[in-house]
Amino acid sequence: MKLNLKLNIFSQLVIRKQQIHLQKVVFIMKFFYVLLMFSTFTNIVNANEDLLQQGNDFYQQGKFIQAIDVWETSLHNSPQFNTLLQLSNAYQALGDYNSALNVIKQAISVADGTPEQEVLAHSYLGDILLALQQPDKAFEELEKYLSMARTLDNKLILATLLNNMSNALSAEQYYSEALPIYQEVIEIAEDSNDNLLQIQALSNQAQVYIKQKQPENAVIILEKVLPLLDKLPGDYAKAFHLLSLGQLVFKVQAQAVNSKLNAYDLFTESLRLAKQLQDNRLISYAKGFLGELYEQRKLYPEALKLTREAIFFAQEMPDLLYLLEWQQGNIWKAQQNLEESLSAYQRAFDYLRPIRTSLTNGQRNSNEVFYERIRPIYYSLADVLLKKAKQLPNDSAQKKQLLIQARDAVEELKEAELQDYFQDECVSAVKTQITELKKLDKNTAVLYPILLPDRIELLFTTTDNLDQIVIPIGYKEIKKVILAFGKNLQRVTEGSFIKQAKQLYNWMIKPIEHEIAVHNIKTLVIVPDGPLRTIPFAALYNEVENKFLFDYLALAVTPSLTLTDPRPLSRKNIKILLNGLSKAVQDFAPLPSVIKEIRDIDKLFSNSTTLVDENFLLKSVNNTLENSPFDIVHISSHGQFDRNPKYSFLLTYDDKLTMDGLERLFRLNDLRKKQVELLTLSACQTAVGDERAALGLAGVAIKAGARSALASLWFVDDSATSQLITDFYKQLQNPELSKAQALQNAQRNLASKKKYRHPAYWAPFLLIGNWL
């Protein structure tokens, strides 16, 4: 169940709230967290044994491997609850969350049954589950022990539980619910004289204000942190928190908010402590942040010097090196030195590749880490490659090579985005090599838009050409128009969408009109970037010809070229599985047109199987797919694509089919040795303007292992959906038509009816993946 549906727990938290843990830099914030947990722990227990103290000393020095060795040695005689908790923290600090999970389960098994140990152990377990990207399980685990925690005399144990519960809220972006929660943790920390806990709570509170675009409130909070930092001894914790505070001050000052705090002073003091501690990682971070500060102030020689020094101290630390090389590339690019910036970006790219999937491990805010610390590397590399290509003649072989390299960089990003969204390796299983697009026929073209901060780059590919068109419109401007377009397009009684439809056409299609005409293009395959995934290109409007784009082009979208395998659908003896749900179940409205839709489609195919209403059970679908191969799987039922794939589903009569469940159903086996050619979802929807939810829709065919999918961006009138989908299958009977052309004809036919001429009815249906 989603966190926002857990009203029972929220009702307990309305008055008494807790802390959110928000990470900023991967290693730094992992250490912050386990240090906070360790600080809380050491205030709770007293371990007098020499081995335990030796492990504590190693831990405080950041020597986690040595600490683990010592604590595991101490456990040989008999498992001790306190030692197991410490050992779990050390494994978390190393990013080994599976080992941390096993250790904490062992701690639960040896707990003495007292409420204190029970609450503490399950609090740790909840946090580890969250780090393993299981927010629902984490929240449920922590919820069980909240009431018990409030009865304890030791409020630091309560603070630990509250901290972990608020991590779950933060991970799901429930910032308004989380903000007041900090106060209770701060009060507990003040009562317990725990300065470290106060610092963390205040810092997290400021983070949320920054995310809510309230930098003035963030400054008020941050100015309370420095006096507390002054009370800390000159150790790792103080150095780390100085860096953290400096980063937050840097962020609010970037939003033109004044503060008496000075990021330069904070970074410089952290550097002094780092040198004193002789810690190369700390030194590298401090110098890197100072370099970033100088870069913002356009003091490029100083910025470059500090960044290079940071790189020197970060040797053998790829998680730092890729960020620092990226920073060096930014500095060179700001000085218009494309050669040096390209070299730096390429090094960053090479450092990132082998470690990318590990960077979000254990991150309670993994989406934020991906979008702020991983995604920009790909775009930066593509940006410089495209700038260099623009300087060359159109017929230059070097220009084409640079354009392909830029596209390949963005292709890797698109694969990474899908892997990050689905949190599995489903992408790798379907990857193909189509970098030259040799399978394009002469009447098909690919439009590959790349949205950059200062411009739109359009890469337009036909059978023998790869053209580059630059539109001087920045990311923020086009995103604003896209969001307005998507919102207005769904208002069926209004025509307010037309302004944005014209604007987007002029930016995205008008620049390639000549090439479309010259090559007699009939099908356009679009690889949408970012927010472009949230809109239907079919409804873009040519104000000169007074036509929508679908009037003269068959359209398809694909999340990635290298994840698309274009091959024609054989029309001989197509085997189709028709699933439908017309009745109201699980609080979803009925879909009365489904019965007629399934019946009409069934008549078109000689080899069909139907599962409708009471027969459309999760187990029945599983058994049917397991025992027989199908070319097409059709599902007429409510579906929802959420920004979190764990909340995405297709409704069956008795249950919800999740994305992981869909993948299992479609998995190839001994009886079913070929892929499903087409997955049709006729009543699904995504959140308006949510590009991450749209990413889930775009990737559904890949997740399911199908070559293509037909699905809708938003829920459409039940009757209109039924008519369009049925007509699509009728058109598909013609072997001369591709799937994209079949959809185009079905959309035209529906739009020709007065009742359904508004694009809200016909535009949201997308053909995703293989267009043939």
# chains A, B, ... in the order shown; residues from 1 in each chain; ligands from 1

call {"tool": "residues_around", "arguments": {"residues": "A:Lys476", "least_positions_apart": "6", "cutoff": "12 Å", "atoms": "only C-alpha atoms", "output": "list in words"}}
result
Leu451, Leu452, Pro453, Asp454, Arg455, Ile456, Ile482, Leu483, Gly530 and Pro531 of chain A

call {"tool": "residues_around", "arguments": {"residues": "A:Arg757", "least_positions_apart": "3", "cutoff": "12 Å", "atoms": "only C-alpha atoms", "output": "JSON, numbers by chain"}}
result
{"A": [492, 493, 494, 495, 539, 548, 720, 747, 748, 749, 750, 751, 752, 753, 754, 760, 761, 762, 763]}

call {"tool": "residues_around", "arguments": {"residues": "stretch 315-318 of chain A", "least_positions_apart": "5", "cutoff": "8 Å", "atoms": "only C-alpha atoms", "output": "list in words"}}
result
Tyr351, Leu352 and Ile355 of chain A

call {"tool": "write_last_selection", "arguments": {"atoms": "N, CA and C atoms", "output": "CSV table (one decimal), in the first residue's frame"}}
result
chain,number,residue,atom,x,y,z
A,351,TYR,N,34.9,6.8,-15.9
A,351,TYR,CA,34.9,6.5,-14.5
A,351,TYR,C,33.5,6.1,-14.0
A,352,LEU,N,32.5,6.7,-14.6
A,352,LEU,CA,31.1,6.5,-14.1
A,352,LEU,C,30.6,5.1,-14.6
A,355,ILE,N,30.7,1.9,-12.3
A,355,ILE,CA,30.2,2.0,-10.9
A,355,ILE,C,28.8,2.6,-10.9

call {"tool": "closest_residue", "arguments": {"among": "A:Leu94, A:Leu385, A:Val225, A:Met165", "to": "A:Gly126", "atoms": "only C-alpha atoms"}}
result
A:Met165

call {"tool": "select_by_dssp", "arguments": {"residues": "stretch 463-682 of chain A", "states": "alpha helix (DSSP H)", "output": "NGL selection string"}}
result
:A and (475-489 or 498-508 or 513-518 or 594-604 or 618-627 or 659-666)

call {"tool": "closest_residue", "arguments": {"among": "A:Leu466, A:Ser166, A:Ile283, A:Thr83", "to": "A:Asn204", "atoms": "only C-alpha atoms"}}
result
A:Ser166

call {"tool": "closest_residue", "arguments": {"among": "A:Lys502, A:Asn443, A:Tyr371, A:Trp714", "to": "A:Gln490", "atoms": "only C-alpha atoms"}}
result
A:Trp714

call {"tool": "residues_around", "arguments": {"residues": "A:Ala90", "least_positions_apart": "4", "cutoff": "7 Å", "atoms": "only C-alpha atoms", "output": "PyMOL selection string"}}
result
chain A and resi 64+68+86+94

call {"tool": "select_by_dssp", "arguments": {"residues": "stretch 646-701 of chain A", "states": "strand (DSSP E)", "output": "number ranges by chain"}}
result
A: 649-651, 656-658, 678-686

call {"tool": "write_last_selection", "arguments": {"atoms": "N, CA, C and O atoms", "output": "mmCIF file, in the first residue's frame"}}
result
data_model
loop_
_atom_site.group_PDB
_atom_site.id
_atom_site.type_symbol
_atom_site.label_atom_id
_atom_site.label_comp_id
_atom_site.auth_asym_id
_atom_site.auth_seq_id
_atom_site.Cartn_x
_atom_site.Cartn_y
_atom_site.Cartn_z
ATOM 1 N N PHE A 649 0.519 -0.713 -11.866
ATOM 2 C CA PHE A 649 -0.185 -1.999 -11.908
ATOM 3 C C PHE A 649 -1.219 -2.019 -13.033
ATOM 4 O O PHE A 649 -1.608 -0.984 -13.579
ATOM 5 N N LEU A 650 -1.679 -3.233 -13.344
ATOM 6 C CA LEU A 650 -2.830 -3.482 -14.205
ATOM 7 C C LEU A 650 -3.833 -4.259 -13.358
ATOM 8 O O LEU A 650 -3.459 -5.218 -12.665
ATOM 9 N N LEU A 651 -5.079 -3.863 -13.405
ATOM 10 C CA LEU A 651 -6.097 -4.437 -12.524
ATOM 11 C C LEU A 651 -6.649 -5.740 -13.105
ATOM 12 O O LEU A 651 -7.065 -5.794 -14.261
ATOM 13 N N LYS A 656 -3.950 -7.164 -8.393
ATOM 14 C CA LYS A 656 -3.268 -6.170 -9.228
ATOM 15 C C LYS A 656 -2.014 -6.823 -9.799
ATOM 16 O O LYS A 656 -1.235 -7.442 -9.070
ATOM 17 N N LEU A 657 -1.849 -6.682 -11.097
ATOM 18 C CA LEU A 657 -0.676 -7.213 -11.775
ATOM 19 C C LEU A 657 0.395 -6.128 -11.787
ATOM 20 O O LEU A 657 0.260 -5.110 -12.464
ATOM 21 N N THR A 658 1.465 -6.325 -11.014
ATOM 22 C CA THR A 658 2.537 -5.337 -10.918
ATOM 23 C C THR A 658 3.475 -5.451 -12.117
ATOM 24 O O THR A 658 3.378 -6.391 -12.913
ATOM 25 N N LEU A 678 3.136 -7.891 -29.443
ATOM 26 C CA LEU A 678 2.399 -6.669 -29.099
ATOM 27 C C LEU A 678 1.657 -6.851 -27.786
ATOM 28 O O LEU A 678 0.923 -7.831 -27.610
ATOM 29 N N LEU A 679 1.847 -5.918 -26.885
ATOM 30 C CA LEU A 679 1.089 -5.840 -25.637
ATOM 31 C C LEU A 679 0.203 -4.616 -25.721
ATOM 32 O O LEU A 679 0.696 -3.497 -25.892
ATOM 33 N N THR A 680 -1.109 -4.805 -25.626
ATOM 34 C CA THR A 680 -2.051 -3.687 -25.703
ATOM 35 C C THR A 680 -2.676 -3.443 -24.335
ATOM 36 O O THR A 680 -3.235 -4.358 -23.720
ATOM 37 N N LEU A 681 -2.579 -2.212 -23.868
ATOM 38 C CA LEU A 681 -3.169 -1.793 -22.591
ATOM 39 C C LEU A 681 -4.137 -0.672 -22.908
ATOM 40 O O LEU A 681 -3.731 0.460 -23.161
ATOM 41 N N SER A 682 -5.417 -0.956 -22.890
ATOM 42 C CA SER A 682 -6.369 0.003 -23.469
ATOM 43 C C SER A 682 -7.002 0.967 -22.476
ATOM 44 O O SER A 682 -7.813 1.800 -22.875
ATOM 45 N N ALA A 683 -6.659 0.882 -21.189
ATOM 46 C CA ALA A 683 -7.301 1.808 -20.244
ATOM 47 C C ALA A 683 -6.333 2.277 -19.165
ATOM 48 O O ALA A 683 -6.710 2.479 -18.023
ATOM 49 N N CYS A 684 -5.063 2.467 -19.520
ATOM 50 C CA CYS A 684 -4.084 2.875 -18.514
ATOM 51 C C CYS A 684 -3.931 4.391 -18.494
ATOM 52 O O CYS A 684 -4.431 5.110 -19.358
ATOM 53 N N GLN A 685 -3.216 4.881 -17.492
ATOM 54 C CA GLN A 685 -3.013 6.314 -17.359
ATOM 55 C C GLN A 685 -1.742 6.582 -16.569
ATOM 56 O O GLN A 685 -1.277 5.746 -15.810
ATOM 57 N N THR A 686 -1.191 7.788 -16.778
ATOM 58 C CA THR A 686 -0.038 8.244 -16.017
ATOM 59 C C THR A 686 -0.383 9.580 -15.370
ATOM 60 O O THR A 686 -1.325 10.263 -15.786
#

call {"tool": "decode", "arguments": {"residues": "stretch 278-292 of chain A", "atoms": "N, CA, C and O atoms", "output": "PDB file, in the first residue's frame"}}
result
ATOM      1  N   GLN A 278      44.659  13.849   8.085  1.00  0.00           N
ATOM      2  CA  GLN A 278      45.398  13.155   7.021  1.00  0.00           C
ATOM      3  C   GLN A 278      44.490  12.191   6.250  1.00  0.00           C
ATOM      4  O   GLN A 278      44.847  11.053   5.948  1.00  0.00           O
ATOM      5  N   ASP A 279      43.309  12.690   5.915  1.00  0.00           N
ATOM      6  CA  ASP A 279      42.339  11.879   5.194  1.00  0.00           C
ATOM      7  C   ASP A 279      42.183  12.401   3.767  1.00  0.00           C
ATOM      8  O   ASP A 279      41.657  13.490   3.548  1.00  0.00           O
ATOM      9  N   ASN A 280      42.665  11.628   2.785  1.00  0.00           N
ATOM     10  CA  ASN A 280      42.656  12.083   1.401  1.00  0.00           C
ATOM     11  C   ASN A 280      41.257  12.289   0.839  1.00  0.00           C
ATOM     12  O   ASN A 280      41.022  13.192   0.031  1.00  0.00           O
ATOM     13  N   ARG A 281      40.324  11.456   1.245  1.00  0.00           N
ATOM     14  CA  ARG A 281      38.952  11.607   0.743  1.00  0.00           C
ATOM     15  C   ARG A 281      38.355  12.926   1.211  1.00  0.00           C
ATOM     16  O   ARG A 281      37.751  13.666   0.437  1.00  0.00           O
ATOM     17  N   LEU A 282      38.523  13.216   2.479  1.00  0.00           N
ATOM     18  CA  LEU A 282      38.021  14.491   3.012  1.00  0.00           C
ATOM     19  C   LEU A 282      38.707  15.677   2.334  1.00  0.00           C
ATOM     20  O   LEU A 282      38.057  16.671   1.993  1.00  0.00           O
ATOM     21  N   ILE A 283      40.000  15.573   2.147  1.00  0.00           N
ATOM     22  CA  ILE A 283      40.742  16.655   1.497  1.00  0.00           C
ATOM     23  C   ILE A 283      40.209  16.867   0.086  1.00  0.00           C
ATOM     24  O   ILE A 283      39.981  18.002  -0.358  1.00  0.00           O
ATOM     25  N   SER A 284      39.972  15.771  -0.632  1.00  0.00           N
ATOM     26  CA  SER A 284      39.473  15.864  -2.004  1.00  0.00           C
ATOM     27  C   SER A 284      38.099  16.516  -2.045  1.00  0.00           C
ATOM     28  O   SER A 284      37.833  17.391  -2.880  1.00  0.00           O
ATOM     29  N   TYR A 285      37.211  16.096  -1.139  1.00  0.00           N
ATOM     30  CA  TYR A 285      35.877  16.710  -1.098  1.00  0.00           C
ATOM     31  C   TYR A 285      35.975  18.213  -0.846  1.00  0.00           C
ATOM     32  O   TYR A 285      35.342  19.023  -1.523  1.00  0.00           O
ATOM     33  N   ALA A 286      36.761  18.593   0.142  1.00  0.00           N
ATOM     34  CA  ALA A 286      36.846  20.007   0.516  1.00  0.00           C
ATOM     35  C   ALA A 286      37.407  20.845  -0.632  1.00  0.00           C
ATOM     36  O   ALA A 286      36.880  21.918  -0.964  1.00  0.00           O
ATOM     37  N   LYS A 287      38.466  20.371  -1.250  1.00  0.00           N
ATOM     38  CA  LYS A 287      39.045  21.104  -2.383  1.00  0.00           C
ATOM     39  C   LYS A 287      38.067  21.135  -3.562  1.00  0.00           C
ATOM     40  O   LYS A 287      37.957  22.143  -4.269  1.00  0.00           O
ATOM     41  N   GLY A 288      37.367  20.028  -3.778  1.00  0.00           N
ATOM     42  CA  GLY A 288      36.390  19.980  -4.866  1.00  0.00           C
ATOM     43  C   GLY A 288      35.269  20.985  -4.664  1.00  0.00           C
ATOM     44  O   GLY A 288      34.867  21.687  -5.600  1.00  0.00           O
ATOM     45  N   PHE A 289      34.755  21.069  -3.432  1.00  0.00           N
ATOM     46  CA  PHE A 289      33.693  22.037  -3.158  1.00  0.00           C
ATOM     47  C   PHE A 289      34.190  23.480  -3.284  1.00  0.00           C
ATOM     48  O   PHE A 289      33.473  24.358  -3.766  1.00  0.00           O
ATOM     49  N   LEU A 290      35.411  23.720  -2.847  1.00  0.00           N
ATOM     50  CA  LEU A 290      35.982  25.053  -3.021  1.00  0.00           C
ATOM     51  C   LEU A 290      36.135  25.379  -4.512  1.00  0.00           C
ATOM     52  O   LEU A 290      35.868  26.515  -4.940  1.00  0.00           O
ATOM     53  N   GLY A 291      36.543  24.386  -5.294  1.00  0.00           N
ATOM     54  CA  GLY A 291      36.638  24.596  -6.735  1.00  0.00           C
ATOM     55  C   GLY A 291      35.291  24.929  -7.347  1.00  0.00           C
ATOM     56  O   GLY A 291      35.180  25.802  -8.224  1.00  0.00           O
ATOM     57  N   GLU A 292      34.236  24.242  -6.888  1.00  0.00           N
ATOM     58  CA  GLU A 292      32.886  24.526  -7.376  1.00  0.00           C
ATOM     59  C   GLU A 292      32.457  25.947  -7.009  1.00  0.00           C
ATOM     60  O   GLU A 292      31.811  26.648  -7.794  1.00  0.00           O
TER      61      GLU A 292
END
